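Text of entry_10.csv (CSV, C-alpha atoms) as supplied:
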```
chain,number,residue,atom,x,y,z
W,1,MET,CA,76.9,127.3,96.7
W,2,ARG,CA,77.7,124.6,94.3
W,3,GLU,CA,76.5,121.0,94.5
W,4,PHE,CA,79.6,119.8,96.5
W,5,LEU,CA,81.6,121.3,99.3
W,6,ASN,CA,85.1,119.8,99.5
W,7,VAL,CA,87.2,120.2,102.6
W,8,MET,CA,90.8,119.2,102.5
W,9,ILE,CA,92.7,118.5,105.8
W,10,TYR,CA,96.4,118.2,106.2
W,11,PRO,CA,97.2,117.4,109.8
W,12,HIS,CA,100.6,118.4,111.3
W,13,GLN,CA,101.5,120.6,108.3
W,14,ARG,CA,102.2,124.2,107.8
W,15,LEU,CA,100.1,126.4,105.7
W,16,GLU,CA,102.7,127.9,103.4
W,17,ARG,CA,104.3,124.5,102.8
W,18,VAL,CA,101.1,122.8,101.7
W,19,ARG,CA,99.9,125.8,99.7
W,20,THR,CA,103.2,126.0,97.8
W,21,GLU,CA,102.9,122.3,96.8
W,22,VAL,CA,99.3,122.6,95.7
W,23,ASN,CA,100.0,125.8,93.7
W,24,GLY,CA,102.8,124.0,92.0
W,25,LEU,CA,100.3,121.5,90.7
W,26,SER,CA,97.8,124.1,89.6
W,27,ASP,CA,98.5,124.0,85.8
W,28,ALA,CA,98.4,120.2,85.7
W,29,VAL,CA,95.2,119.9,87.8
W,30,MET,CA,93.4,122.6,85.9
W,31,ARG,CA,94.3,121.0,82.5
W,32,LEU,CA,93.3,117.5,83.6
W,33,TYR,CA,90.2,118.2,85.7
W,34,GLY,CA,89.1,121.8,84.7
W,35,LEU,CA,89.4,123.1,88.3
W,36,ASP,CA,89.6,126.7,89.3
W,37,LEU,CA,92.1,126.9,92.1
W,38,ASP,CA,91.3,130.6,92.7
W,39,ALA,CA,88.2,129.3,94.5
W,40,VAL,CA,90.3,127.5,97.2
W,41,CYS,CA,90.2,129.2,100.6
W,42,TRP,CA,92.9,128.3,103.1
W,43,ALA,CA,93.4,128.5,106.9
W,44,GLY,CA,96.1,127.1,109.2
W,45,CYS,CA,96.7,126.6,112.9
W,46,ARG,CA,99.1,124.8,115.1
W,47,GLU,CA,97.4,121.4,114.5
W,48,GLY,CA,97.4,121.6,110.7
W,49,VAL,CA,96.0,123.1,107.5
W,50,LEU,CA,92.4,123.2,106.2
W,51,ALA,CA,91.2,124.2,102.7
W,52,ARG,CA,87.7,124.7,101.5
W,53,PHE,CA,86.8,124.2,97.9
W,54,GLU,CA,83.3,124.5,96.3
W,55,GLU,CA,83.3,122.4,93.2
W,56,ASP,CA,81.1,119.9,91.3
W,57,SER,CA,83.9,117.3,91.4
W,58,HIS,CA,86.3,115.9,94.0
W,59,PRO,CA,89.9,117.3,93.6
W,60,GLU,CA,91.6,114.1,94.7
W,61,MET,CA,95.0,115.2,93.2
W,62,LEU,CA,95.0,118.2,95.4
W,63,VAL,CA,95.3,115.9,98.4
W,64,ARG,CA,97.0,112.8,96.9
W,65,ILE,CA,100.0,114.4,95.3
W,66,PRO,CA,101.0,116.7,98.1
W,67,THR,CA,101.0,113.7,100.5
W,68,ALA,CA,103.6,112.1,98.2
W,69,LYS,CA,105.8,115.2,98.1
W,70,LEU,CA,105.4,116.1,101.8
W,71,ASP,CA,105.4,112.4,103.0
W,72,CYS,CA,102.3,113.0,105.1
W,73,THR,CA,98.6,112.2,105.6
W,74,ALA,CA,95.7,114.1,104.2
W,75,LEU,CA,92.0,113.7,103.9
W,76,LEU,CA,89.5,115.0,101.4
W,77,LEU,CA,86.0,115.3,102.8
W,78,TYR,CA,83.2,116.1,100.4
W,79,MET,CA,79.6,116.9,101.3
W,80,GLN,CA,76.6,117.1,98.9
W,81,GLU,CA,74.1,119.9,99.3
W,82,GLY,CA,71.2,117.5,98.8
W,83,GLY,CA,72.4,115.1,101.5
W,84,GLY,CA,75.2,112.5,101.7
W,85,TRP,CA,78.9,112.8,102.2
W,86,GLY,CA,82.1,110.8,101.7
W,87,TYR,CA,85.9,111.0,102.1
W,88,GLN,CA,89.2,109.8,100.7
W,89,LEU,CA,92.1,109.2,103.0
W,90,CYS,CA,95.5,109.6,101.4
W,91,TYR,CA,99.0,108.7,102.7
W,92,LYS,CA,102.3,109.2,100.9
W,93,GLY,CA,100.6,109.5,97.5
W,94,THR,CA,98.2,106.5,97.8
W,95,VAL,CA,94.5,106.4,98.7
W,96,GLU,CA,94.4,104.2,101.8
W,97,ASP,CA,90.7,104.4,102.4
W,98,ALA,CA,87.5,105.8,100.7
W,99,PHE,CA,83.9,106.0,102.0
W,100,ALA,CA,80.7,107.4,100.4
W,101,SER,CA,77.3,107.5,102.0
W,102,MET,CA,75.6,109.2,99.0
W,103,PRO,CA,72.7,107.5,97.2
W,104,GLY,CA,73.7,105.6,94.1
W,105,SER,CA,77.4,105.3,95.1
W,106,ALA,CA,79.2,102.1,94.4
W,107,PRO,CA,78.9,99.5,97.2
W,108,ASP,CA,81.8,99.5,99.6
W,109,SER,CA,83.5,96.2,100.3
W,110,ALA,CA,85.0,97.5,103.6
W,111,THR,CA,83.0,97.4,106.8
W,112,PRO,CA,82.4,100.6,108.9
W,113,GLU,CA,84.8,99.0,111.5
W,114,GLN,CA,87.6,98.8,109.0
W,115,HIS,CA,87.0,102.4,107.9
W,116,ALA,CA,87.1,103.6,111.5
W,117,ALA,CA,90.3,101.6,112.2
W,118,ARG,CA,92.1,103.1,109.2
W,119,LEU,CA,91.1,106.6,110.2
W,120,ALA,CA,92.1,106.1,113.8
W,121,ARG,CA,95.5,104.8,112.7
W,122,ARG,CA,96.3,108.1,110.9
W,123,PHE,CA,94.5,110.6,113.1
W,124,ARG,CA,95.1,108.8,116.5
W,125,LEU,CA,91.6,109.3,117.9
W,126,ASN,CA,88.7,107.3,119.4
W,127,ARG,CA,87.2,105.3,116.6
W,128,GLU,CA,84.0,104.6,118.5
W,129,LYS,CA,82.7,108.1,117.8
W,130,LEU,CA,83.8,107.8,114.1
W,131,LEU,CA,82.0,104.4,113.9
W,132,ALA,CA,78.8,106.1,114.9
W,133,CYS,CA,79.1,108.6,112.1
W,134,LEU,CA,79.9,105.9,109.5
W,135,THR,CA,76.8,103.8,110.4
W,136,GLN,CA,74.0,106.3,110.7
W,137,GLU,CA,71.4,106.8,108.0
W,138,ASN,CA,71.5,109.5,105.3
W,139,PRO,CA,69.7,112.7,106.3
W,140,VAL,CA,66.3,113.5,104.7
W,141,ASP,CA,66.4,117.2,105.1
W,142,GLY,CA,69.1,117.8,102.5
W,143,SER,CA,71.6,119.2,105.0
W,144,MET,CA,75.3,118.6,105.5
W,145,GLN,CA,75.0,117.9,109.2
W,146,GLU,CA,76.4,114.4,109.0
W,147,GLY,CA,79.6,115.5,107.2
W,148,THR,CA,80.3,118.3,109.6
W,149,GLU,CA,79.6,116.1,112.5
W,150,PHE,CA,82.1,113.6,111.2
W,151,LEU,CA,84.7,116.4,110.7
W,152,ASN,CA,84.1,117.5,114.3
W,153,HIS,CA,84.9,114.0,115.6
W,154,LEU,CA,87.8,113.4,113.3
W,155,ALA,CA,89.6,116.8,113.7
W,156,PRO,CA,88.0,119.3,116.0
W,157,TRP,CA,90.6,121.9,115.1
W,158,ALA,CA,89.6,121.6,111.4
W,159,PHE,CA,85.9,122.0,112.3
W,160,GLU,CA,86.7,125.2,114.2
W,161,LEU,CA,88.6,126.6,111.2
W,162,LEU,CA,85.8,125.7,108.8
W,163,ALA,CA,83.3,127.5,111.0
W,164,SER,CA,85.5,130.5,111.6
W,165,ASP,CA,86.2,133.6,109.5
W,166,ARG,CA,89.9,132.7,109.1
W,167,LEU,CA,89.5,131.0,105.7
W,168,ALA,CA,90.9,133.2,102.9
W,169,PRO,CA,92.0,132.7,99.3
W,170,ALA,CA,95.7,132.3,98.5
W,171,PRO,CA,97.5,135.6,98.0
W,172,ALA,CA,98.2,136.7,94.5
W,173,ALA,CA,101.4,135.3,93.0
W,174,SER,CA,102.6,138.7,91.8
W,175,ALA,CA,105.5,138.6,94.1
W,176,ALA,CA,106.8,135.4,92.5
W,177,PRO,CA,108.6,135.7,89.1
W,178,ALA,CA,106.6,134.3,86.2
W,179,ALA,CA,107.9,131.0,84.8
W,180,PRO,CA,109.6,131.5,81.4
W,181,VAL,CA,107.7,130.2,78.5
W,182,PRO,CA,109.4,127.1,77.1
W,183,ASP,CA,110.6,126.9,73.5
W,184,ARG,CA,108.4,124.2,72.1
W,185,SER,CA,110.6,123.9,69.1
W,186,SER,CA,113.4,122.4,71.1
W,187,PRO,CA,113.7,118.6,70.9
W,188,HIS,CA,114.9,118.4,74.5
W,189,LEU,CA,111.5,119.5,75.9
W,190,ASN,CA,108.4,117.5,76.4
W,191,ALA,CA,105.6,117.2,73.9
W,192,PRO,CA,103.3,120.3,73.8
W,193,ASP,CA,100.3,118.4,75.3
W,194,ARG,CA,102.4,117.2,78.3
W,195,LEU,CA,103.7,118.9,81.3
W,196,ALA,CA,106.9,120.9,81.0
W,197,GLY,CA,110.0,119.1,82.1
W,198,PRO,CA,113.1,120.3,83.9
W,199,PRO,CA,115.4,122.9,82.4
W,200,GLU,CA,117.1,121.9,79.2
W,201,ARG,CA,120.5,120.4,79.2
W,202,ARG,CA,122.8,119.0,76.4
W,203,LEU,CA,122.2,115.6,74.9
W,204,GLU,CA,126.0,114.8,75.1
W,205,ASP,CA,125.8,114.9,78.9
W,206,CYS,CA,124.9,111.2,78.8
W,207,LEU,CA,127.8,110.1,76.7
W,208,PRO,CA,130.3,109.5,79.6
W,209,PHE,CA,127.8,106.9,81.0
W,210,LEU,CA,127.2,105.1,77.7
W,211,ALA,CA,128.3,101.5,78.0
W,212,GLY,CA,126.8,99.7,75.0
W,213,VAL,CA,124.7,100.2,71.8
W,214,LYS,CA,122.8,97.4,70.1
W,215,VAL,CA,120.6,97.6,67.0
W,216,LEU,CA,118.4,95.3,65.1
W,217,GLU,CA,117.3,96.2,61.6
W,218,ARG,CA,114.6,93.5,61.4
W,219,SER,CA,112.8,92.7,64.6
W,220,TRP,CA,111.8,89.3,65.8
W,221,ALA,CA,108.5,88.2,64.2
W,222,PHE,CA,107.5,86.0,67.1
W,223,PRO,CA,109.6,87.0,70.2
W,224,ARG,CA,108.3,84.2,72.5
W,225,SER,CA,107.8,81.6,69.8
W,226,LEU,CA,108.9,78.0,70.2
W,227,LEU,CA,110.5,78.3,66.8
W,228,TYR,CA,113.4,80.4,68.2
W,229,PHE,CA,113.9,77.9,71.0
W,230,LEU,CA,114.2,75.0,68.6
W,231,PHE,CA,116.1,76.9,65.9
W,232,PRO,CA,118.0,79.7,67.6
W,233,GLN,CA,120.0,80.4,64.4
W,234,LYS,CA,116.7,81.7,62.8
W,235,ARG,CA,116.4,84.4,65.3
W,236,PRO,CA,117.9,87.7,64.0
W,237,ALA,CA,121.0,88.6,66.0
W,238,PRO,CA,121.5,92.1,67.3
W,239,LYS,CA,124.4,94.1,66.0
W,240,LEU,CA,126.9,95.7,68.4
W,241,VAL,CA,127.7,99.3,67.4
W,242,PRO,CA,131.1,100.7,68.5
W,243,HIS,CA,130.5,103.9,70.5
W,244,LYS,CA,133.9,104.9,71.7
W,245,GLY,CA,134.6,108.5,70.9
W,246,TRP,CA,131.0,109.3,70.1
W,247,SER,CA,129.7,112.9,69.9
W,248,ALA,CA,126.2,114.1,70.2
W,249,GLN,CA,125.8,114.0,66.4
W,250,ASN,CA,126.6,110.2,66.5
W,251,LEU,CA,123.9,109.6,69.2
W,252,GLU,CA,121.4,111.7,67.4
W,253,ALA,CA,122.1,109.9,64.1
W,254,ILE,CA,121.4,106.4,65.5
W,255,LEU,CA,118.3,107.7,67.3
W,256,GLU,CA,117.1,109.1,64.0
W,257,ASP,CA,117.6,105.7,62.3
W,258,PHE,CA,115.0,104.3,64.7
W,259,TYR,CA,112.6,107.2,64.4
W,260,CYS,CA,112.7,107.0,60.5
W,261,GLY,CA,112.1,103.2,60.5
W,262,ARG,CA,115.5,102.0,59.4
W,263,LEU,CA,115.8,100.1,62.7
W,264,ASP,CA,113.2,98.0,64.5
W,265,ARG,CA,115.1,97.8,67.8
W,266,LEU,CA,117.6,100.2,69.5
W,267,GLU,CA,119.1,99.5,72.9
W,268,LEU,CA,121.3,102.0,74.7
W,269,GLU,CA,122.9,100.8,77.9
W,270,PHE,CA,124.4,103.1,80.5
W,271,THR,CA,126.5,102.5,83.6
W,272,LEU,CA,126.1,104.9,86.5
W,273,ASN,CA,127.6,104.9,90.1
W,274,GLY,CA,125.2,104.1,92.9
W,275,ALA,CA,125.6,104.2,96.6
W,276,GLY,CA,129.2,104.3,97.9
W,277,THR,CA,130.9,102.3,100.6
W,278,TYR,CA,133.9,103.6,102.4
W,279,VAL,CA,136.7,100.9,102.5
W,280,ARG,CA,138.9,101.7,105.5
W,281,ARG,CA,141.8,99.5,104.3
W,282,MET,CA,141.9,101.3,100.9
W,283,GLN,CA,141.0,104.7,102.5
W,284,LYS,CA,138.6,105.6,99.8
W,285,THR,CA,135.0,105.2,98.8
W,286,VAL,CA,134.0,102.4,96.4
W,287,TYR,CA,130.9,103.0,94.4
W,288,HIS,CA,128.6,100.2,93.3
W,289,PRO,CA,127.7,100.6,89.6
W,290,TYR,CA,124.2,99.8,88.2
W,291,LEU,CA,122.7,99.6,84.7
W,292,LEU,CA,120.2,101.8,83.0
W,293,THR,CA,118.9,100.4,79.7
W,294,LEU,CA,116.8,102.4,77.3
W,295,GLU,CA,114.8,100.2,74.9
W,296,LEU,CA,113.1,101.5,71.7
W,297,ILE,CA,111.0,98.8,70.1
W,298,ARG,CA,109.0,98.9,66.8
W,299,GLU,CA,106.5,96.1,66.0
W,300,LYS,CA,103.9,96.1,63.2
W,301,GLY,CA,103.8,99.8,62.9
W,302,ARG,CA,103.6,100.4,66.6
W,303,CYS,CA,106.3,101.6,69.0
W,304,MET,CA,107.2,101.3,72.7
W,305,CYS,CA,109.8,103.1,74.8
W,306,LEU,CA,111.0,101.6,78.0
W,307,LEU,CA,113.7,102.4,80.6
W,308,LEU,CA,114.9,99.5,82.8
W,309,ASP,CA,116.5,100.9,86.0
W,310,GLY,CA,118.8,98.5,87.8
W,311,GLN,CA,119.2,100.8,90.8
W,312,GLU,CA,115.6,100.5,92.2
W,313,PRO,CA,115.0,98.1,90.3
W,314,THR,CA,112.1,99.2,88.3
W,315,VAL,CA,110.7,99.4,84.7
W,316,TYR,CA,109.5,102.7,83.3
W,317,ARG,CA,107.2,102.9,80.2
W,318,LEU,CA,106.6,106.1,78.2
W,319,ILE,CA,102.8,106.7,78.1
W,320,ALA,CA,101.2,107.2,74.7
W,321,ASP,CA,97.6,107.9,75.9
W,322,ARG,CA,97.4,109.8,79.2
W,323,ASP,CA,93.6,109.8,79.6
W,324,PRO,CA,93.2,106.0,80.5
W,325,TYR,CA,96.3,106.1,82.6
W,326,MET,CA,94.9,108.9,84.7
W,327,ASN,CA,91.2,108.2,84.7
W,328,VAL,CA,90.4,104.5,84.1
W,329,ASP,CA,90.4,102.0,87.0
W,330,ILE,CA,93.2,99.5,86.8
W,331,LYS,CA,90.9,96.6,86.4
W,332,ASP,CA,89.1,98.2,83.4
W,333,LEU,CA,92.3,99.1,81.4
W,334,LYS,CA,92.4,97.6,77.9
W,335,LYS,CA,95.3,95.2,77.1
W,336,THR,CA,97.2,94.5,74.0
W,337,VAL,CA,99.9,92.1,72.9
W,338,PHE,CA,103.3,93.7,72.2
W,339,HIS,CA,106.6,91.9,71.7
W,340,GLY,CA,104.8,88.7,72.8
W,341,GLN,CA,103.8,90.3,76.1
W,342,SER,CA,100.4,91.5,77.4
W,343,VAL,CA,100.7,95.2,78.2
W,344,GLU,CA,98.3,98.1,78.7
W,345,GLU,CA,97.3,99.9,75.5
W,346,TYR,CA,98.2,103.3,76.9
W,347,VAL,CA,102.0,102.5,76.6
W,348,VAL,CA,101.9,101.5,72.9
W,349,PHE,CA,102.3,104.3,70.3
W,350,SER,CA,100.1,103.4,67.3
W,351,ALA,CA,100.4,106.7,65.4
W,352,PRO,CA,103.2,107.1,62.8
W,353,ASP,CA,104.2,110.4,64.5
W,354,LEU,CA,107.0,109.7,67.1
W,355,THR,CA,107.4,113.3,68.2
W,356,PRO,CA,106.6,112.5,71.9
W,357,ILE,CA,109.2,109.7,71.9
W,358,ARG,CA,111.8,112.0,70.2
W,359,GLN,CA,111.3,114.7,72.8
W,360,GLU,CA,111.1,112.5,75.9
W,361,VAL,CA,114.2,110.4,75.0
W,362,ALA,CA,116.2,113.6,74.4
W,363,LEU,CA,115.0,115.1,77.7
W,364,LEU,CA,115.8,111.8,79.6
W,365,LEU,CA,119.2,111.4,78.1
W,366,SER,CA,120.2,115.0,78.7
W,367,ARG,CA,119.4,114.5,82.4
W,368,LEU,CA,120.3,110.9,82.9
W,369,ASP,CA,122.3,111.5,86.1
W,370,CYS,CA,119.4,113.4,87.7
W,371,ARG,CA,116.5,111.6,86.0
W,372,ASP,CA,114.2,111.6,89.1
W,373,GLY,CA,112.6,114.9,88.0
W,374,VAL,CA,112.0,113.6,84.5
W,375,LEU,CA,110.4,110.3,85.6
W,376,SER,CA,108.6,111.6,88.7
W,377,ALA,CA,104.9,110.8,88.8
W,378,THR,CA,104.2,113.7,91.1
W,379,ARG,CA,106.0,116.4,89.1
W,380,ARG,CA,105.0,115.1,85.6
W,381,MET,CA,101.7,113.3,85.8
W,382,GLY,CA,100.9,110.9,83.0
W,383,VAL,CA,104.3,111.0,81.2
W,384,TRP,CA,106.1,107.9,82.5
W,385,SER,CA,104.5,104.9,84.2
W,386,CYS,CA,106.5,102.9,86.7
W,387,GLU,CA,106.3,99.2,87.3
W,388,GLY,CA,108.1,97.1,89.8
W,389,LEU,CA,108.4,99.2,92.9
W,390,ARG,CA,108.6,95.9,94.8
W,391,PHE,CA,110.7,94.0,92.3
W,392,ASN,CA,113.6,92.1,93.6
W,393,GLN,CA,116.8,91.5,91.5
W,394,GLY,CA,115.5,88.2,90.2
W,395,GLN,CA,112.2,89.7,89.0
W,396,HIS,CA,114.1,92.6,87.4
W,397,GLN,CA,116.3,90.2,85.6
W,398,GLN,CA,113.2,88.5,84.2
W,399,GLN,CA,112.1,91.8,82.8
W,400,ARG,CA,115.5,92.3,81.2
W,401,ASP,CA,115.3,88.8,79.6
W,402,VAL,CA,112.0,89.8,78.0
W,403,TRP,CA,112.7,93.3,76.8
W,404,CYS,CA,116.5,93.6,76.2
W,405,LEU,CA,118.4,92.4,73.1
```

Show me this structure written as structure tokens.
Amino acid sequence: MREFLNVMIYPHQRLERVRTEVNGLSDAVMRLYGLDLDAVCWAGCREGVLARFEEDSHPEMLVRIPTAKLDCTALLLYMQEGGGWGYQLCYKGTVEDAFASMPGSAPDSATPEQHAARLARRFRLNREKLLACLTQENPVDGSMQEGTEFLNHLAPWAFELLASDRLAPAPAASAAPAAPVPDRSSPHLNAPDRLAGPPERRLEDCLPFLAGVKVLERSWAFPRSLLYFLFPQKRPAPKLVPHKGWSAQNLEAILEDFYCGRLDRLELEFTLNGAGTYVRRMQKTVYHPYLLTLELIREKGRCMCLLLDGQEPTVYRLIADRDPYMNVDIKDLKKTVFHGQSVEEYVVFSAPDLTPIRQEVALLLSRLDCRDGVLSATRRMGVWSCEGLRFNQGQHQQQRDVWCL
């Protein structure tokens, strides 16, 4: 047995449904965390699904991401062979609660009563028994008794599955057709070191939505400087580019102008139809348009790619360095100044090679009308970061004032 025993619990879920979602993440999880998913043993019953995984690390993504895709609750319970245990409670893609009783673990700001209350809210059980498990001392005999006792109080059905002989590895995927190997030479696909995106489509599919093109050959030296407020005529004015009758070659040409350094700023604005309202008097459905703005910005040899979505409203940034985005705590992330704003370093491209931007922009524009799969944090981990899930229209407009031409 390895140092850690991980037990993953998915209450009120079916085995095939959970296993399908986890297997869909296998390539991403193995690449990021070096996990061997062949070692996962599964079992299911009427009350839910349990998985057992012996590994030296805690596979949080095997629990966290399926809860986002399945809109459910899940818990990762890990027990150390030498004594000590802990858990992570996930709900709809977020870690709601975490507890660790292992020696040397970081101090926990939450009280045992708060931990018990969070667990009771999701599992609907008596929190007094859980509170007793969370407040007892670490065992001295090196056993996993405390962790298994906690599991028995939290989900008796899961404890029975863990102790039974029903756990078995996932069946071989020979019945499922193998995924085709993507053509990495295609500019429409993602960078080789990123996760494969949706199937390829044509770049010209975005042209019916194109509403405006602005360029700037020489960027603003001091975007937020008082100089431009006092002397607005000194601020370089963007140039409007006529786009009526454009073909895919025209769009590729202006994108190439930015990639080659002939432009410091490129803004592509698109108008799409949002939710519709049926007007009885007119006897037809009227759709509410919204704006999507793609911003490509170059500053002092560095680049940044943003998408401002007026439907949510949100701001998406293309990630240049995936490691800090995935592994570094938010309070420890390094900041840098770009375009007069303090931003995380992982969204700023410092290398002269803009291949990731080329490929991601082509992929996004070819699927602009169904971009959720391209921008999804669960399907494509570490490609786009999303900011402003709780933005109102006023806050979103402030972001447009900062980043748009």

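Residues in contact with W:Glu299 at up to 9 Å, not including ones fewer than 3 positions away on its chain and judged by all atoms listed in the file, are Ser219, Trp220, Ala221, Asp264, Arg265, Arg302, Cys303, Met304, Phe338 and His339 of chain W.
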
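Atom CA of W:Leu130 lies 6.9 Å from atom CA of W:Leu154.
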
Spatial neighbours of W:Gly212, 10 Å, all atoms listed in the file, chain gap at least 6 places, as a PyMOL selection string = chain W and resi 240-244+267-271+293

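Distance annotation: of W:Cys260, W:Thr285, W:His396, W:Leu251, the residue with the minimal separation from W:Glu312 is W:His396; atom set is all atoms listed in the file.
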
Which value, in Å to one decimal, gives the distance between atom CA of W:Ala168 and atom CA of W:Leu37?
-> 12.6 Å

Taking (88.9, 118.7, 109.4) in the file's own coordinates, collect the residues within 8 Å, counting only C-alpha atoms, and hand them back as a PyMOL selection string.
-> chain W and resi 7-9+50+77+151-152+154-159+162

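Between atom CA of W:Glu113 and atom CA of W:Phe99 there is a distance of 11.8 Å.
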
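The shortest atom-to-atom distance to W:Gln399, with only C-alpha atoms taken into account, belongs to W:Leu308 out of W:Cys370, W:Ala110, W:Leu266, W:Leu308.
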
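Distances to W:Leu216 were evaluated for W:Val63, W:Leu296, W:Met282, W:Ala248 using all atoms listed in the file, and the minimum falls at W:Leu296.
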
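Taking only C-alpha atoms into account, W:Pro112 lies nearest to W:Asp97 out of the set W:Glu204, W:Asp97, W:Glu256, W:Asp38.
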
Quick one: residues within 12 Å of W:Arg118, all atoms listed in the file counted, chain neighbours fewer than 4 positions away excluded, as a ChimeraX atom specification?
-> /W:73,75,88-91,95-99,110-114,122-127,130-131,154

Please provide as a list in words all residues within 7 Å of W:Val40, with the sequence filter that same-chain residues fewer than 2 positions apart are discarded (counting all atoms listed in the file).
-> Leu37, Asp38, Trp42, Ala51, Arg52, Phe53 and Pro169 of chain W
